[in-house]
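Structure record follows, encoded as structure tokens.
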Amino acid sequence: MLEETFHSCCQLLLQQSEQLKDGWSWEPVQSLPVASNDADSITVDIVDDDDEDDGVCMVSEDSSQVLKYEYHILYSCSYSTPVLYFRAFTLEGRSLSLEEVWSSIHPNFRLRLQDSPLHTISQQASELRIDMAQCGGSSGGSGCPPEVLHPAPP
Amino acid sequence: MCRRLAASGVFRRFSGDSRGMTASTVAGLLSSEPTAKPRQELLLPRVSYLTLVTDKVKKHFLKVIKADDVEEMWFEYEGTPLKWHYPIGVLFDLHATNTVLPWSITVHFKTFPDGDLLHCQSNSVIEAHFMSSIKEADALKHKSQVVNDMQKKDHKQLWMGLQNDKFDQFWAMNRKLMEYPTEEGGFRYIPFRIYQTMSDRPFIQKLFRPVSPEGNVHTLGNLLKEMYPSAIPNDGEPKRFQVVIHGIEPLLETPLQWLSEHLSHPDNFLHICVIPVPTD
């Protein structure tokens with residue numbers, strides 16, 4: 001994807017976001033174009049591994065936990081595609097480790113992701129975190145490096 | 001101070017100057033806080049990563065520190081936490097290149113600085129970081145075609161070669177990442193990072209071709225002029241910065257393609273440090 005295409009897609013995303021009021025904003029970061037979404041709260045139910053695999057998640061009441069996700073989409077010049085960076089926090093501000101993030105993904109989808117040759121989710125270096133702090137986007141959990149969703153092969 | 005290089009491979013020892021800093025290892029002196037504790041002297045490979053080569057250090061200090069007081073190990077030099085995910089040679093060139101050897105690093109086992117450092121709780125974290133650099137470098141050089149054509153065991157071989165310091169094992173695979181179609185004259189883009197001590201910005205990394213559209217070979221000087229022009233003095237001006245790769249200053253006329261093939265780190269990136277000239 002060309003960088004100009006990325007720009008126009010972001011503009012479309014922002015227009016949609018305006019209508020839905022779900023909080024995406026555009027922030028230039030050190031000359032890197034970024035679209036960010038702050039503190040989108042969703043309730044995630046932690047699922048036991050030995051549950052039946054019939055597409056339904058069986059959850060006991062005391063295993064649910066509210067998580068906060070922060071998303072940033074950047075254009076990667078190296079890969080010529082957008083890359084999704086995200087961080088997951090508990091409400092107390094504790095960042096989730098990579099293992100915890102993996103375990104919060106439905107087992108079926110997890111398998112699909114793990115089969116991908118590019119090993120889709122990885123922990124990315126702190127450089128981006130510094131840039132994000134400069135654009136004032138991050139709330140709480142300032143120390144944890146973001147997870148990266150690698151671009152799919154073309 | 002500029003030196004011509006006879007080296008032809010990442011792991012080979014370079015011809016060094018009398019300070020010995022251009023060797024492929026750096027002499028490090030590790031001590032834990034408080035400094036009353038016993039110190040350990042090590043030869044640290046420039047091309048590796050701190051957390052990969054300091055198992056013995058950890059064991060050594062764990063003998064004298066109470067188990068209760070031990071959390072994740074991290075390293076610091078003169079108050080600056082050292083980023084383990086940078087190659088050791090880069091850390092040295094950035095922070096300590098003009099100081100007297102051995103390089104005195106302080107080892108910590110408490111109060112891990114979450115805001116400054118990535119956690120590194122196992123070698124698989126280092127492996128993931130290393131492989132992601134290799135993949136990104138290949139995305140720049142070959143649109144990921146070479147690395148995607150490799151099997152998982154080939155990727156593993158690159159990592160094991162680095163981890164176990166096995167030159168031949170590493171290069172058996174890495175040579176594929178250094179190939180390019182002859183008619184192209186070089187890689188698609190050169191994987192590089194320029195580090196500066198005088199900036200908040202962690203590093204400069206942008207797209208840059210090894211050959212211009214007119215067919216002119218791009219040099220190290222061309223790269224710097226484009227990415228960090230103040231690193232190169234104008235005619236008549238005194239030299240304010242040293243441009244350092246693996247502890248030496250290559251001639252600015254050196255072709256970038258050659259540097260990429262011969263002076264990249266095992267992660268396939270050219271790590272270039274721009275440091276102020278020391279004022280003696």
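A note on labels: chains of the structure tokens are A, B, ... as shown, every chain counts residues from 1, and ligands are counted from 1 in their shown order.
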Problem set entry | Expected answer as a PyMOL selection string: chain B residues within 6 Å of chain A, only C-alpha atoms | chain B and resi 114-115+139-140
How would the residues just picked look written out with N, CA, C and O atoms as a short mmCIF file (atom, residue, chain, number, x, y, z; two decimals), in the first residue's frame?
data_model
loop_
_atom_site.label_atom_id
_atom_site.label_comp_id
_atom_site.auth_asym_id
_atom_site.auth_seq_id
_atom_site.Cartn_x
_atom_site.Cartn_y
_atom_site.Cartn_z
N ASP B 114 10.63 0.14 33.98
CA ASP B 114 9.62 -0.19 32.99
C ASP B 114 9.48 0.85 31.89
O ASP B 114 9.11 0.52 30.77
N GLY B 115 9.73 2.09 32.24
CA GLY B 115 9.55 3.14 31.24
C GLY B 115 10.67 3.21 30.23
O GLY B 115 10.52 3.82 29.17
N ALA B 139 12.45 -7.34 4.23
CA ALA B 139 11.34 -6.62 3.59
C ALA B 139 11.92 -5.44 2.80
O ALA B 139 11.50 -5.16 1.68
N LEU B 140 12.94 -4.80 3.39
CA LEU B 140 13.57 -3.66 2.71
C LEU B 140 14.43 -4.12 1.54
O LEU B 140 14.43 -3.51 0.48
#
Exercise. Quick one: residues within 12 Å of Trp258 of chain B, only C-alpha atoms counted, chain neighbours fewer than 2 positions away excluded, as an NGL selection string?
Worked result: :B and (5-9 or 178-179 or 185-187 or 190 or 210-211 or 217-220 or 250 or 253-256 or 260-264 or 270)
Please dump the current selection as a PDB file, in the first residue's frame; keep N, CA and C atoms.
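again-v1.pdb, written as the output of this step:
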ATOM      1  N   LEU B   5      38.799  -1.016   5.310  1.00  0.00           N
ATOM      2  CA  LEU B   5      38.452  -2.277   5.950  1.00  0.00           C
ATOM      3  C   LEU B   5      38.828  -3.455   5.088  1.00  0.00           C
ATOM      4  N   ALA B   6      39.430  -4.434   5.703  1.00  0.00           N
ATOM      5  CA  ALA B   6      39.730  -5.653   4.971  1.00  0.00           C
ATOM      6  C   ALA B   6      38.708  -6.724   5.278  1.00  0.00           C
ATOM      7  N   ALA B   7      37.785  -6.414   6.175  1.00  0.00           N
ATOM      8  CA  ALA B   7      36.847  -7.428   6.642  1.00  0.00           C
ATOM      9  C   ALA B   7      35.892  -7.856   5.538  1.00  0.00           C
ATOM     10  N   SER B   8      35.483  -9.077   5.602  1.00  0.00           N
ATOM     11  CA  SER B   8      34.512  -9.528   4.611  1.00  0.00           C
ATOM     12  C   SER B   8      33.396 -10.341   5.251  1.00  0.00           C
ATOM     13  N   GLY B   9      33.148 -10.152   6.497  1.00  0.00           N
ATOM     14  CA  GLY B   9      32.062 -10.904   7.115  1.00  0.00           C
ATOM     15  C   GLY B   9      31.786 -10.344   8.485  1.00  0.00           C
ATOM     16  N   MET B 178      22.051 -11.908   1.645  1.00  0.00           N
ATOM     17  CA  MET B 178      22.974 -10.910   1.103  1.00  0.00           C
ATOM     18  C   MET B 178      23.042 -10.932  -0.417  1.00  0.00           C
ATOM     19  N   GLU B 179      22.226 -11.766  -1.051  1.00  0.00           N
ATOM     20  CA  GLU B 179      22.275 -11.841  -2.510  1.00  0.00           C
ATOM     21  C   GLU B 179      21.337 -10.813  -3.122  1.00  0.00           C
ATOM     22  N   GLY B 185      22.150  -4.236  -9.249  1.00  0.00           N
ATOM     23  CA  GLY B 185      23.283  -3.510  -8.674  1.00  0.00           C
ATOM     24  C   GLY B 185      23.265  -3.435  -7.163  1.00  0.00           C
ATOM     25  N   GLY B 186      22.249  -3.997  -6.546  1.00  0.00           N
ATOM     26  CA  GLY B 186      22.208  -3.952  -5.082  1.00  0.00           C
ATOM     27  C   GLY B 186      20.832  -4.296  -4.563  1.00  0.00           C
ATOM     28  N   PHE B 187      20.652  -4.129  -3.276  1.00  0.00           N
ATOM     29  CA  PHE B 187      19.363  -4.402  -2.657  1.00  0.00           C
ATOM     30  C   PHE B 187      18.347  -3.349  -3.078  1.00  0.00           C
ATOM     31  N   ILE B 190      18.346  -0.126   1.540  1.00  0.00           N
ATOM     32  CA  ILE B 190      19.369  -0.542   2.505  1.00  0.00           C
ATOM     33  C   ILE B 190      18.795  -0.494   3.918  1.00  0.00           C
ATOM     34  N   PRO B 210      20.469   1.889  -2.675  1.00  0.00           N
ATOM     35  CA  PRO B 210      21.923   1.828  -2.792  1.00  0.00           C
ATOM     36  C   PRO B 210      22.447   2.462  -4.077  1.00  0.00           C
ATOM     37  N   VAL B 211      21.570   2.562  -5.090  1.00  0.00           N
ATOM     38  CA  VAL B 211      21.981   3.126  -6.374  1.00  0.00           C
ATOM     39  C   VAL B 211      20.952   4.164  -6.792  1.00  0.00           C
ATOM     40  N   VAL B 217      26.396   5.016  -7.693  1.00  0.00           N
ATOM     41  CA  VAL B 217      26.466   4.237  -6.468  1.00  0.00           C
ATOM     42  C   VAL B 217      26.399   5.188  -5.274  1.00  0.00           C
ATOM     43  N   HIS B 218      25.476   4.935  -4.354  1.00  0.00           N
ATOM     44  CA  HIS B 218      25.367   5.782  -3.165  1.00  0.00           C
ATOM     45  C   HIS B 218      26.406   5.374  -2.131  1.00  0.00           C
ATOM     46  N   THR B 219      26.981   6.402  -1.491  1.00  0.00           N
ATOM     47  CA  THR B 219      28.005   6.148  -0.476  1.00  0.00           C
ATOM     48  C   THR B 219      27.451   6.434   0.915  1.00  0.00           C
ATOM     49  N   LEU B 220      28.274   6.137   1.927  1.00  0.00           N
ATOM     50  CA  LEU B 220      27.914   6.453   3.301  1.00  0.00           C
ATOM     51  C   LEU B 220      27.676   7.960   3.431  1.00  0.00           C
ATOM     52  N   PRO B 250      34.331   4.317   8.976  1.00  0.00           N
ATOM     53  CA  PRO B 250      34.594   4.008   7.572  1.00  0.00           C
ATOM     54  C   PRO B 250      34.689   5.298   6.763  1.00  0.00           C
ATOM     55  N   GLU B 253      33.354   7.765   1.545  1.00  0.00           N
ATOM     56  CA  GLU B 253      33.205   7.375   0.137  1.00  0.00           C
ATOM     57  C   GLU B 253      32.838   5.901  -0.025  1.00  0.00           C
ATOM     58  N   THR B 254      32.803   5.148   1.077  1.00  0.00           N
ATOM     59  CA  THR B 254      32.509   3.714   0.985  1.00  0.00           C
ATOM     60  C   THR B 254      31.101   3.513   0.432  1.00  0.00           C
ATOM     61  N   PRO B 255      30.962   2.646  -0.579  1.00  0.00           N
ATOM     62  CA  PRO B 255      29.620   2.382  -1.109  1.00  0.00           C
ATOM     63  C   PRO B 255      28.715   1.762  -0.050  1.00  0.00           C
ATOM     64  N   LEU B 256      27.500   2.256   0.009  1.00  0.00           N
ATOM     65  CA  LEU B 256      26.547   1.809   1.013  1.00  0.00           C
ATOM     66  C   LEU B 256      26.187   0.326   0.825  1.00  0.00           C
ATOM     67  N   SER B 260      26.484  -2.528   3.604  1.00  0.00           N
ATOM     68  CA  SER B 260      25.336  -3.343   3.988  1.00  0.00           C
ATOM     69  C   SER B 260      25.672  -4.834   3.928  1.00  0.00           C
ATOM     70  N   GLU B 261      26.432  -5.218   2.918  1.00  0.00           N
ATOM     71  CA  GLU B 261      26.772  -6.634   2.776  1.00  0.00           C
ATOM     72  C   GLU B 261      27.821  -7.085   3.783  1.00  0.00           C
ATOM     73  N   HIS B 262      28.738  -6.199   4.133  1.00  0.00           N
ATOM     74  CA  HIS B 262      29.887  -6.625   4.934  1.00  0.00           C
ATOM     75  C   HIS B 262      29.925  -6.106   6.358  1.00  0.00           C
ATOM     76  N   LEU B 263      29.259  -5.010   6.631  1.00  0.00           N
ATOM     77  CA  LEU B 263      29.314  -4.447   7.977  1.00  0.00           C
ATOM     78  C   LEU B 263      27.970  -4.440   8.697  1.00  0.00           C
ATOM     79  N   SER B 264      26.995  -5.134   8.134  1.00  0.00           N
ATOM     80  CA  SER B 264      25.736  -5.231   8.871  1.00  0.00           C
ATOM     81  C   SER B 264      25.939  -6.100  10.098  1.00  0.00           C
ATOM     82  N   LEU B 270      22.469  -2.188   9.180  1.00  0.00           N
ATOM     83  CA  LEU B 270      23.672  -1.385   9.382  1.00  0.00           C
ATOM     84  C   LEU B 270      23.354  -0.443  10.527  1.00  0.00           C
TER      85      LEU B 270
END
Exercise. Can you list, as a list in words, every residue of segment 103-207 of chain B that DSSP puts in strand (DSSP E or B)?
Worked result: Trp103, Ser104, Ile105, Thr106, Val107, His108, Phe192, Arg193, Ile194, Tyr195, Gln196 and Ile204 of chain B
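Compared by their closest atoms to Glu136 of chain B, and using only C-alpha atoms, the residues B:Tyr77, B:Gln205, B:Pro229, B:Lys110 rank with B:Gln205 nearest.
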For this session: Considering only C-alpha atoms, return as a PyMOL selection string whatever protein or nucleic-acid residues lie within 6 Å of segment 42-52 of chain B, sequence-local ones (same chain, fewer than 6 positions apart) excluded.
Result: chain B and resi 24-28+84+87-89
Please produce an output containing N, CA, C and O atoms for each residue in the selection, written as a compact mmCIF listing (two decimals), in the first residue's frame.
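Now in again_34.txt:
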# COMPACT_ATOMS: atom_id res chain seq x y z
N SER B 24 36.25 -7.42 17.64
CA SER B 24 34.86 -7.87 17.57
C SER B 24 34.25 -8.05 18.95
O SER B 24 33.10 -8.42 19.07
N THR B 25 35.04 -7.83 19.99
CA THR B 25 34.47 -7.88 21.32
C THR B 25 34.82 -6.60 22.06
O THR B 25 35.71 -5.87 21.68
N VAL B 26 34.10 -6.39 23.13
CA VAL B 26 34.33 -5.23 23.97
C VAL B 26 34.60 -5.74 25.37
O VAL B 26 33.89 -6.62 25.85
N ALA B 27 35.62 -5.22 26.03
CA ALA B 27 35.90 -5.66 27.39
C ALA B 27 34.95 -4.95 28.35
O ALA B 27 34.92 -3.72 28.41
N GLY B 28 34.16 -5.71 29.05
CA GLY B 28 33.21 -5.11 29.97
C GLY B 28 33.49 -5.52 31.39
O GLY B 28 33.93 -6.64 31.66
N TRP B 84 18.77 -3.65 26.16
CA TRP B 84 19.34 -4.95 25.77
C TRP B 84 19.03 -5.28 24.32
O TRP B 84 19.73 -6.11 23.72
N PRO B 87 22.28 -4.07 19.77
CA PRO B 87 23.51 -4.86 19.82
C PRO B 87 24.52 -4.20 20.77
O PRO B 87 24.58 -2.98 20.88
N ILE B 88 25.29 -5.04 21.44
CA ILE B 88 26.25 -4.57 22.44
C ILE B 88 27.20 -3.53 21.86
O ILE B 88 27.50 -2.51 22.49
N GLY B 89 27.69 -3.80 20.65
CA GLY B 89 28.62 -2.87 20.03
C GLY B 89 28.02 -1.48 19.83
O GLY B 89 28.69 -0.46 19.98
Problem set entry | atom CA of Lys83 of chain B to atom CA of Leu118 of chain B, straight-line distance in Å |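 Separation between atom CA of Leu118 of chain B and atom CA of Lys83 of chain B: 7.5 Å.
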For this session: Tell me which protein, DNA and RNA residues are within 12 Å of Glu127 of chain B, counting only C-alpha atoms, leaving out same-chain ones fewer than 2 positions away, and put them as a ChimeraX atom specification.
Result: /A:122-123 /B:48-49,51-52,85,120-125,129-134,155-163,267
Exercise. Where in segment 99-162 of chain B does DSSP assign alpha helix (DSSP H), given as number ranges by chain?
Worked result: B: 123-142, 145-149, 152-162
Exercise. To one decimal place, how far is atom CA of Ala96 of chain B from atom CA of Leu29 of chain B in Å?
Worked result: 12.5 Å
Residue neighbourhood segment 1-5 of chain A, 6 Å, only C-alpha atoms, exclusion window fewer than 2 positions, as a PDB file with N, CA, C and O atoms, in the first residue's frame:
ATOM      1  N   HIS A   7      -2.901   7.368   3.847  1.00  0.00           N
ATOM      2  CA  HIS A   7      -3.490   8.642   4.282  1.00  0.00           C
ATOM      3  C   HIS A   7      -4.978   8.689   3.979  1.00  0.00           C
ATOM      4  O   HIS A   7      -5.790   9.050   4.830  1.00  0.00           O
ATOM      5  N   SER A   8      -5.363   8.347   2.726  1.00  0.00           N
ATOM      6  CA  SER A   8      -6.779   8.445   2.372  1.00  0.00           C
ATOM      7  C   SER A   8      -7.630   7.447   3.139  1.00  0.00           C
ATOM      8  O   SER A   8      -8.739   7.759   3.559  1.00  0.00           O
ATOM      9  N   SER A  80       5.703  -1.323   3.709  1.00  0.00           N
ATOM     10  CA  SER A  80       4.733  -0.632   2.841  1.00  0.00           C
ATOM     11  C   SER A  80       3.298  -1.014   3.144  1.00  0.00           C
ATOM     12  O   SER A  80       2.477  -1.174   2.241  1.00  0.00           O
ATOM     13  N   THR A  81       3.004  -1.231   4.408  1.00  0.00           N
ATOM     14  CA  THR A  81       1.616  -1.495   4.792  1.00  0.00           C
ATOM     15  C   THR A  81       1.356  -0.826   6.133  1.00  0.00           C
ATOM     16  O   THR A  81       2.294  -0.463   6.838  1.00  0.00           O
TER      17      THR A  81
END
Applying 12 Å and only C-alpha atoms, which residues near Leu62 of chain B remain after dropping the ones on its own chain fewer than 5 positions away? List them as a tab-separated table (two decimals) with C-alpha atoms, in the first residue's frame.
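Writing the result to part_30.tsv gives the following:
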chain	number	residue	atom	x	y	z
B	32	SER	CA	26.31	-4.97	40.91
B	37	LYS	CA	29.95	-6.72	45.66
B	38	PRO	CA	32.41	-8.77	43.56
B	55	ASP	CA	24.02	-15.90	32.03
B	56	LYS	CA	27.31	-16.45	33.86
B	57	VAL	CA	27.15	-12.92	35.23
B	67	ALA	CA	17.09	-14.73	46.56
B	68	ASP	CA	14.44	-12.37	47.96
B	69	ASP	CA	16.27	-9.43	46.47
B	70	VAL	CA	16.42	-10.84	42.97
B	71	GLU	CA	14.02	-9.74	40.24
B	72	GLU	CA	14.69	-9.26	36.54
B	73	MET	CA	18.31	-8.39	35.74
B	107	VAL	CA	24.10	-4.84	36.98
B	108	HIS	CA	20.79	-4.42	38.79
B	109	PHE	CA	18.37	-6.96	40.15
